[in-house]
There are 2 protein chains.
Amino acid sequence: MKKVSLADISKELGVSKTLVSFVMNGKAEEKRISTEMTEKVLLKAKEMGYKPSYLGKALRTGKSNTIGLIVADISNSFFAKLARSIEDEAMKYGYNVIFGSSDEDSHKSTQLIDLFIDKNVDGLIICPSKGDAKYIEKLQNMKTPNVLVDRYFTDIDCNVVVVDNLEGSFRIVKDQIIKGNKRIGYVNFNVGLTNMEGRLAGYKKALKASGIAFDESLVKNVPFKGIEEETANAVRELLNMDKPIDAIYFANNHLAFLGVKFIKEYNSNKKSLVSICSFDSFEFMSLLDTPLVYGVQSIDKLGENAVDLIMKQINSVAQINEIRVLPIDIVEIK
Amino acid sequence: MKKVSLADISKELGVSKTLVSFVMNGKAEEKRISTEMTEKVLLKAKEMGYKPSYLGKALRTGKSNTIGLIVADISNSFFAKLARSIEDEAMKYGYNVIFGSSDEDSHKSTQLIDLFIDKNVDGLIICPSKGDAKYIEKLQNMKTPNVLVDRYFTDIDCNVVVVDNLEGSFRIVKDQIIKGNKRIGYVNFNVGLTNMEGRLAGYKKALKASGIAFDESLVKNVPFKGIEEETANAVRELLNMDKPIDAIYFANNHLAFLGVKFIKEYNSNKKSLVSICSFDSFEFMSLLDTPLVYGVQSIDKLGENAVDLIMKQINSVAQINEIRVLPIDIVEIK
DNA sequence: CTGAAAGCGCTTACAG
DNA sequence: CTGAAAGCGCTTACAG
């Protein structure tokens, strides 16, 4: 049960591959193929169960109709949802998605980029790791369509889709201050990415706007490695400060999950003593009995914009360098 | 900045493409290429930044080093984790993953299968939808390596990796009965898949083993379309039965999430009146104040076994038809 | 209106 | 030890 090729059809019909190719690509009219011929070809193709090979086409045209997606970890619900949104949007353009997880490791990240390029993807959607900047620059020089999502680098020109981290973070913290919480612990994700910098800046900005002095000791940095344990340590330290804190602000959903989990296990009484808020969320947060406030990103919009920017690059000769910043919503669970 | 090809290197060096190809594929020794020649080629390749094109290779050899993954919905945490596990395992063999979501729709599912085959994937890992059976049979006939994960079809021979749905479900329900819960409502996922049938059978078996008559009215079927509303309806009906129920058992994590959410909103007093259990879980379940019992699948093992079965097929002429059934664990949150 | 031919980047049987 | 040539499945400029 071999696959049938263009050549098989053309042989069967006694016509040229050219003719068959034209018909199969809907160029029959443009190339002024007779209607009878066109129908004969179409019929035979259907009869033989002809399916064009993307490989042959890709090799010849340089287009694979596949885009590469590199995320930190596809099993994280944020990236999984992003992947879904990108999948659906790409499909509208006839594109599929090949993916890889970098684990915030620049070495893995750049390896995946190379690999996907060798597999001739038409474009790359990347949630870059710290240290990827020079590599992204290489993509720019090679004119490989690419867009950075969720985080980016300020020192290189490229296409970017991010949420407004500074503004979102500012509003979340401001909200805490309005509620009377002055001493707000911040559990930061220490991976050297712009999105995290923006969130920290928003935290500081909100404090400043309310005349509260920034206290370095209230900021705890958690690395990607050993995130579970480190988050627990960070929260424990914050809960045990000599001068008690009023609230804890987590820099992302994963930290918030781990932090809330730790608080529950550590001391169920204490949990009601501090307010909790976070940037980004898990669906499940709405089920918790812990009151909290969090920012919500429109992941669908992130994906849509990313695909849009990729397609724009694929279909244009000129380089575009566009930074799109999306707003976030604040949600409160009482 | 064009990509360099084999031909570029061979021209530069004044040798044949054959020679370069042999060297690049590590066949220098086997083909008895001189050490000097080998080194010269390797050096020049590095110098020119040569990267082999998977496309050319794939077209010639028929191997793309890519596997296709079809899940119901990549944004669902179960499938996202499965994807991650498959990604990591496949990478060990030098394979990447291209994915698609079927939304439990056989039409989409089979379209994706066709598309991925046209893109020359070396194998397909499929979480099939109801109605995919004939298509899977076609794959079998075409000898396209494939493995069904999570669900399968009893009437066709193929490679399958699933958890022990019947036994797991039996143990979950049995546990409820031991706790004194006799009237157990069951919220079933009505998509006509073997995994769901197994879970229902386990439910019935546990009742039977304890001498409890099966009561059709305690089983509520929820379809994939409008799952949120329908789950709410199902739970509402169960909570309002003339003869009160003791527990509600959800057939999967998504239903459990929606059900628990509904119960919270609907009547926070009632929630403590019925026990809750489910097959499969979300990480977040451990944070809920609702006591519940759930089964845990080793998603990593599902992925590892799926990739293993794909690789076995890719590397063998003979057809293998293996069904692997993995155990599940039961976890209790008080 | 239609076809022969080149070429995308590889591999491999064959020949020397 | 090394090379010329065919072919995987397509598209497209060129010729008629």
# chains A, B, ... in the order shown; residues from 1 in each chain; ligands from 1
>>> interface_residues(of="chain C", to="chain A", cutoff="12 Å", atoms="only C-alpha atoms (C1' of nucleotides)", output="ChimeraX atom specification")
/C:1-10
>>> write_last_selection(atoms="N, CA and C atoms (P, O5', C5', C4', C3', O3' and C1' of nucleotides)", output="short mmCIF file (atom, residue, chain, number, x, y, z; two decimals), in the first residue's frame")
data_model
loop_
_atom_site.label_atom_id
_atom_site.label_comp_id
_atom_site.auth_asym_id
_atom_site.auth_seq_id
_atom_site.Cartn_x
_atom_site.Cartn_y
_atom_site.Cartn_z
P DC C 1 -8.39 26.26 -24.45
"O5'" DC C 1 -6.92 25.85 -24.15
"C5'" DC C 1 -6.67 24.85 -23.12
"C4'" DC C 1 -5.55 24.04 -23.66
"C3'" DC C 1 -4.91 23.10 -22.63
"O3'" DC C 1 -5.08 21.77 -23.08
"C1'" DC C 1 -3.28 24.36 -23.82
P DT C 2 -4.84 20.54 -22.17
"O5'" DT C 2 -3.27 20.32 -22.25
"C5'" DT C 2 -2.73 19.67 -23.41
"C4'" DT C 2 -1.23 19.65 -23.28
"C3'" DT C 2 -0.70 18.90 -22.06
"O3'" DT C 2 -0.16 17.68 -22.52
"C1'" DT C 2 0.53 20.90 -22.54
P DG C 3 0.67 16.70 -21.53
"O5'" DG C 3 2.16 17.13 -21.83
"C5'" DG C 3 2.63 17.15 -23.18
"C4'" DG C 3 4.13 17.29 -23.20
"C3'" DG C 3 4.86 16.41 -22.20
"O3'" DG C 3 6.08 16.01 -22.79
"C1'" DG C 3 5.30 18.68 -21.71
P DA C 4 6.94 14.83 -22.17
"O5'" DA C 4 8.41 15.37 -22.39
"C5'" DA C 4 8.62 16.53 -23.22
"C4'" DA C 4 10.02 17.08 -23.00
"C3'" DA C 4 10.99 16.17 -22.25
"O3'" DA C 4 12.30 16.61 -22.59
"C1'" DA C 4 10.40 17.95 -20.86
P DA C 5 13.59 16.00 -21.82
"O5'" DA C 5 13.80 17.12 -20.70
"C5'" DA C 5 13.98 18.49 -21.10
"C4'" DA C 5 14.53 19.28 -19.94
"C3'" DA C 5 15.50 18.50 -19.05
"O3'" DA C 5 16.45 19.42 -18.55
"C1'" DA C 5 13.69 19.20 -17.76
P DA C 6 17.80 18.93 -17.88
"O5'" DA C 6 18.03 20.05 -16.77
"C5'" DA C 6 17.51 21.36 -17.01
"C4'" DA C 6 17.24 22.03 -15.67
"C3'" DA C 6 18.22 21.63 -14.57
"O3'" DA C 6 18.50 22.77 -13.80
"C1'" DA C 6 16.03 21.14 -13.88
P DG C 7 19.78 22.78 -12.85
"O5'" DG C 7 19.08 22.81 -11.43
"C5'" DG C 7 18.02 23.73 -11.19
"C4'" DG C 7 17.38 23.36 -9.89
"C3'" DG C 7 18.37 22.77 -8.88
"O3'" DG C 7 18.12 23.34 -7.61
"C1'" DG C 7 16.55 21.34 -9.14
P DC C 8 19.27 23.45 -6.51
"O5'" DC C 8 18.47 23.44 -5.14
"C5'" DC C 8 17.36 24.29 -4.89
"C4'" DC C 8 16.47 23.60 -3.90
"C3'" DC C 8 17.24 22.71 -2.93
"O3'" DC C 8 17.56 23.45 -1.76
"C1'" DC C 8 15.28 21.60 -3.79
P DG C 9 19.08 23.46 -1.22
"O5'" DG C 9 19.24 22.06 -0.52
"C5'" DG C 9 18.39 21.74 0.57
"C4'" DG C 9 18.65 20.30 0.95
"C3'" DG C 9 20.12 19.95 1.14
"O3'" DG C 9 20.25 19.34 2.40
"C1'" DG C 9 19.07 18.39 -0.28
P DC C 10 21.60 18.79 3.00
"O5'" DC C 10 21.04 17.36 3.33
"C5'" DC C 10 21.70 16.20 2.95
"C4'" DC C 10 20.64 15.17 2.64
"C3'" DC C 10 21.24 13.79 2.50
"O3'" DC C 10 21.11 13.15 3.76
"C1'" DC C 10 19.78 14.30 0.66
#
>>> interface_residues(of="chain B", to="chain A", cutoff="9 Å", atoms="only C-alpha atoms", output="PyMOL selection string")
chain B and resi 1-2+51-56+58-59+64+66+68+73-85+87-88+96-101+114+116-120+141-143+257+260-261+264+282+284-289
>>> write_last_selection(atoms="C-alpha atoms", output="PDB file, in the first residue's frame")
ATOM      1  CA  MET B   1      22.722  34.048   4.541  1.00  0.00           C
ATOM      2  CA  LYS B   2      21.699  30.902   2.703  1.00  0.00           C
ATOM      3  CA  LYS B  51      23.506  21.631   9.249  1.00  0.00           C
ATOM      4  CA  PRO B  52      21.966  18.649   7.517  1.00  0.00           C
ATOM      5  CA  SER B  53      18.473  19.271   6.195  1.00  0.00           C
ATOM      6  CA  TYR B  54      15.949  16.890   7.653  1.00  0.00           C
ATOM      7  CA  LEU B  55      13.793  17.555   4.643  1.00  0.00           C
ATOM      8  CA  GLY B  56      16.228  16.223   2.084  1.00  0.00           C
ATOM      9  CA  ALA B  58      13.375  12.605   4.988  1.00  0.00           C
ATOM     10  CA  LEU B  59      12.428  12.687   1.335  1.00  0.00           C
ATOM     11  CA  SER B  64      11.333  12.417   9.324  1.00  0.00           C
ATOM     12  CA  THR B  66       9.028  13.419  13.932  1.00  0.00           C
ATOM     13  CA  GLY B  68       2.509  13.014  15.486  1.00  0.00           C
ATOM     14  CA  ASP B  73      -7.243  18.972  23.966  1.00  0.00           C
ATOM     15  CA  ILE B  74      -3.654  19.994  24.641  1.00  0.00           C
ATOM     16  CA  SER B  75      -4.804  22.672  27.090  1.00  0.00           C
ATOM     17  CA  ASN B  76      -6.255  20.015  29.411  1.00  0.00           C
ATOM     18  CA  SER B  77      -3.634  19.276  32.035  1.00  0.00           C
ATOM     19  CA  PHE B  78      -3.861  15.524  31.558  1.00  0.00           C
ATOM     20  CA  PHE B  79      -2.978  15.785  27.893  1.00  0.00           C
ATOM     21  CA  ALA B  80      -0.438  18.552  28.474  1.00  0.00           C
ATOM     22  CA  LYS B  81       1.426  16.319  30.892  1.00  0.00           C
ATOM     23  CA  LEU B  82       1.139  13.410  28.535  1.00  0.00           C
ATOM     24  CA  ALA B  83       2.591  15.598  25.790  1.00  0.00           C
ATOM     25  CA  ARG B  84       5.520  16.542  27.997  1.00  0.00           C
ATOM     26  CA  SER B  85       6.271  12.980  28.877  1.00  0.00           C
ATOM     27  CA  GLU B  87       8.279  14.895  24.236  1.00  0.00           C
ATOM     28  CA  ASP B  88      11.020  13.941  26.686  1.00  0.00           C
ATOM     29  CA  ASN B  96      10.319  15.671  17.924  1.00  0.00           C
ATOM     30  CA  VAL B  97       6.596  15.931  18.340  1.00  0.00           C
ATOM     31  CA  ILE B  98       4.010  17.654  16.191  1.00  0.00           C
ATOM     32  CA  PHE B  99       0.624  17.828  17.876  1.00  0.00           C
ATOM     33  CA  GLY B 100      -3.050  18.480  17.292  1.00  0.00           C
ATOM     34  CA  SER B 101      -6.224  18.640  19.370  1.00  0.00           C
ATOM     35  CA  ASP B 114      -4.148  12.331   7.393  1.00  0.00           C
ATOM     36  CA  PHE B 116       0.413  14.231   9.831  1.00  0.00           C
ATOM     37  CA  ILE B 117       0.857  11.268   7.509  1.00  0.00           C
ATOM     38  CA  ASP B 118       1.129  13.682   4.579  1.00  0.00           C
ATOM     39  CA  LYS B 119       3.799  15.435   6.591  1.00  0.00           C
ATOM     40  CA  ASN B 120       5.586  12.096   6.790  1.00  0.00           C
ATOM     41  CA  ASN B 141      -3.165  -1.875   7.060  1.00  0.00           C
ATOM     42  CA  MET B 142      -0.768   0.764   5.801  1.00  0.00           C
ATOM     43  CA  LYS B 143       1.657  -0.359   8.481  1.00  0.00           C
ATOM     44  CA  PHE B 257     -13.430  20.194  38.763  1.00  0.00           C
ATOM     45  CA  VAL B 260     -16.919  20.674  42.823  1.00  0.00           C
ATOM     46  CA  LYS B 261     -17.072  24.211  41.496  1.00  0.00           C
ATOM     47  CA  LYS B 264     -19.486  25.336  46.064  1.00  0.00           C
ATOM     48  CA  PHE B 282      -5.802  17.944  39.119  1.00  0.00           C
ATOM     49  CA  PHE B 284      -4.883  21.661  42.707  1.00  0.00           C
ATOM     50  CA  MET B 285      -7.199  19.132  44.300  1.00  0.00           C
ATOM     51  CA  SER B 286      -4.764  18.811  47.160  1.00  0.00           C
ATOM     52  CA  LEU B 287      -5.474  22.443  48.027  1.00  0.00           C
ATOM     53  CA  LEU B 288      -9.225  22.121  48.302  1.00  0.00           C
ATOM     54  CA  ASP B 289     -10.908  22.087  51.651  1.00  0.00           C
TER      55      ASP B 289
END
>>> residues_around(residues="region 126-135 of chain A", least_positions_apart="3", cutoff="7 Å", atoms="only C-alpha atoms (C1' of nucleotides)", output="ChimeraX atom specification")
/A:69-72,104-106,109-110,138-139,147-153,191-193
>>> write_last_selection(atoms="N, CA and C atoms", output="PDB file, in the first residue's frame")
ATOM      1  N   LEU A  69       7.234  25.764  18.107  1.00  0.00           N
ATOM      2  CA  LEU A  69       6.862  26.463  19.339  1.00  0.00           C
ATOM      3  C   LEU A  69       7.785  26.006  20.455  1.00  0.00           C
ATOM      4  N   ILE A  70       8.448  26.961  21.079  1.00  0.00           N
ATOM      5  CA  ILE A  70       9.326  26.615  22.190  1.00  0.00           C
ATOM      6  C   ILE A  70       8.819  27.293  23.453  1.00  0.00           C
ATOM      7  N   VAL A  71       8.440  26.482  24.424  1.00  0.00           N
ATOM      8  CA  VAL A  71       7.932  27.001  25.698  1.00  0.00           C
ATOM      9  C   VAL A  71       8.848  26.530  26.818  1.00  0.00           C
ATOM     10  N   ALA A  72       8.628  27.049  28.019  1.00  0.00           N
ATOM     11  CA  ALA A  72       9.446  26.602  29.135  1.00  0.00           C
ATOM     12  C   ALA A  72       9.069  25.166  29.507  1.00  0.00           C
ATOM     13  N   GLU A 104      13.472  26.531  30.856  1.00  0.00           N
ATOM     14  CA  GLU A 104      14.162  27.800  31.158  1.00  0.00           C
ATOM     15  C   GLU A 104      15.681  27.665  30.999  1.00  0.00           C
ATOM     16  N   ASP A 105      16.096  26.722  30.192  1.00  0.00           N
ATOM     17  CA  ASP A 105      17.521  26.459  29.999  1.00  0.00           C
ATOM     18  C   ASP A 105      17.927  26.908  28.595  1.00  0.00           C
ATOM     19  N   SER A 106      18.795  27.906  28.536  1.00  0.00           N
ATOM     20  CA  SER A 106      19.167  28.492  27.260  1.00  0.00           C
ATOM     21  C   SER A 106      19.818  27.470  26.333  1.00  0.00           C
ATOM     22  N   SER A 109      17.045  25.477  24.904  1.00  0.00           N
ATOM     23  CA  SER A 109      16.268  26.394  24.085  1.00  0.00           C
ATOM     24  C   SER A 109      16.905  26.595  22.711  1.00  0.00           C
ATOM     25  N   THR A 110      18.197  26.899  22.704  1.00  0.00           N
ATOM     26  CA  THR A 110      18.867  27.160  21.429  1.00  0.00           C
ATOM     27  C   THR A 110      19.009  25.873  20.611  1.00  0.00           C
ATOM     28  N   LYS A 138      20.510  36.100  15.889  1.00  0.00           N
ATOM     29  CA  LYS A 138      20.905  35.294  14.738  1.00  0.00           C
ATOM     30  C   LYS A 138      19.689  35.020  13.854  1.00  0.00           C
ATOM     31  N   LEU A 139      18.582  34.677  14.502  1.00  0.00           N
ATOM     32  CA  LEU A 139      17.352  34.430  13.738  1.00  0.00           C
ATOM     33  C   LEU A 139      16.976  35.678  12.952  1.00  0.00           C
ATOM     34  N   VAL A 147       8.822  35.159  16.695  1.00  0.00           N
ATOM     35  CA  VAL A 147       8.184  36.089  17.619  1.00  0.00           C
ATOM     36  C   VAL A 147       8.401  35.591  19.046  1.00  0.00           C
ATOM     37  N   LEU A 148       8.712  36.514  19.913  1.00  0.00           N
ATOM     38  CA  LEU A 148       8.925  36.175  21.318  1.00  0.00           C
ATOM     39  C   LEU A 148       7.613  36.391  22.067  1.00  0.00           C
ATOM     40  N   VAL A 149       7.269  35.444  22.913  1.00  0.00           N
ATOM     41  CA  VAL A 149       6.019  35.554  23.649  1.00  0.00           C
ATOM     42  C   VAL A 149       6.288  35.456  25.144  1.00  0.00           C
ATOM     43  N   ASP A 150       5.536  36.213  25.896  1.00  0.00           N
ATOM     44  CA  ASP A 150       5.580  36.152  27.362  1.00  0.00           C
ATOM     45  C   ASP A 150       6.775  36.886  27.953  1.00  0.00           C
ATOM     46  N   ARG A 151       7.941  36.757  27.311  1.00  0.00           N
ATOM     47  CA  ARG A 151       9.097  37.533  27.748  1.00  0.00           C
ATOM     48  C   ARG A 151       9.900  37.936  26.508  1.00  0.00           C
ATOM     49  N   TYR A 152      10.799  38.877  26.674  1.00  0.00           N
ATOM     50  CA  TYR A 152      11.607  39.304  25.528  1.00  0.00           C
ATOM     51  C   TYR A 152      12.895  39.952  26.012  1.00  0.00           C
ATOM     52  N   PHE A 153      13.643  40.536  25.086  1.00  0.00           N
ATOM     53  CA  PHE A 153      14.890  41.183  25.462  1.00  0.00           C
ATOM     54  C   PHE A 153      14.851  42.633  25.016  1.00  0.00           C
ATOM     55  N   VAL A 191      14.555  34.396  37.299  1.00  0.00           N
ATOM     56  CA  VAL A 191      15.118  33.799  36.096  1.00  0.00           C
ATOM     57  C   VAL A 191      15.648  34.834  35.112  1.00  0.00           C
ATOM     58  N   GLY A 192      15.711  36.090  35.563  1.00  0.00           N
ATOM     59  CA  GLY A 192      16.300  37.127  34.713  1.00  0.00           C
ATOM     60  C   GLY A 192      15.525  37.398  33.446  1.00  0.00           C
ATOM     61  N   LEU A 193      14.202  37.327  33.511  1.00  0.00           N
ATOM     62  CA  LEU A 193      13.393  37.573  32.330  1.00  0.00           C
ATOM     63  C   LEU A 193      12.647  38.898  32.461  1.00  0.00           C
TER      64      LEU A 193
END
>>> select_by_dssp(residues="region 7-202 of chain A", states="helix (DSSP H, G or I)", output="PyMOL selection string")
chain A and resi 7-13+17-24+35-48+54-61+77-92+106-118+133-141+165-178+194-202
>>> residues_around(residues="region 295-299 of chain A", least_positions_apart="5", cutoff="12 Å", atoms="only C-alpha atoms (C1' of nucleotides)", output="ChimeraX atom specification")
/A:77-86,149-150,161-173,175,199,249-253,256,277-283,285,304-306,325-333 /B:75
>>> residues_around(residues="Val219 (chain A)", least_positions_apart="5", cutoff="8 Å", atoms="only C-alpha atoms (C1' of nucleotides)", output="PyMOL selection string")
chain A and resi 185-188
>>> residues_around(residues="Lys179 (chain A)", least_positions_apart="3", cutoff="12 Å", atoms="only C-alpha atoms (C1' of nucleotides)", output="JSON list (two decimals) with C-alpha atoms, in the first residue's frame")
[["chain", "number", "residue", "atom", "x", "y", "z"],
["A", 172, "ILE", "CA", -2.45, 44.15, 42.03],
["A", 173, "VAL", "CA", -0.15, 45.66, 44.63],
["A", 174, "LYS", "CA", -2.02, 48.97, 44.68],
["A", 175, "ASP", "CA", -5.17, 47.00, 45.44],
["A", 176, "GLN", "CA", -3.48, 45.44, 48.46],
["A", 182, "LYS", "CA", 1.43, 47.91, 53.87],
["A", 183, "ARG", "CA", 4.00, 45.21, 54.42],
["A", 184, "ILE", "CA", 3.71, 43.08, 51.32],
["A", 246, "ASP", "CA", 0.23, 41.83, 55.86],
["A", 247, "ALA", "CA", 0.25, 40.10, 52.51],
["A", 274, "VAL", "CA", -2.02, 37.37, 55.53],
["A", 275, "SER", "CA", -3.67, 38.35, 52.29],
["A", 276, "ILE", "CA", -2.59, 36.56, 49.18],
["A", 293, "VAL", "CA", -6.54, 38.45, 44.18]]
>>> select_by_dssp(residues="region 23-218 of chain A", states="strand (DSSP E or B)", output="PyMOL selection string")
chain A and resi 66-71+96-101+123-126+146-149+160-163+184-189
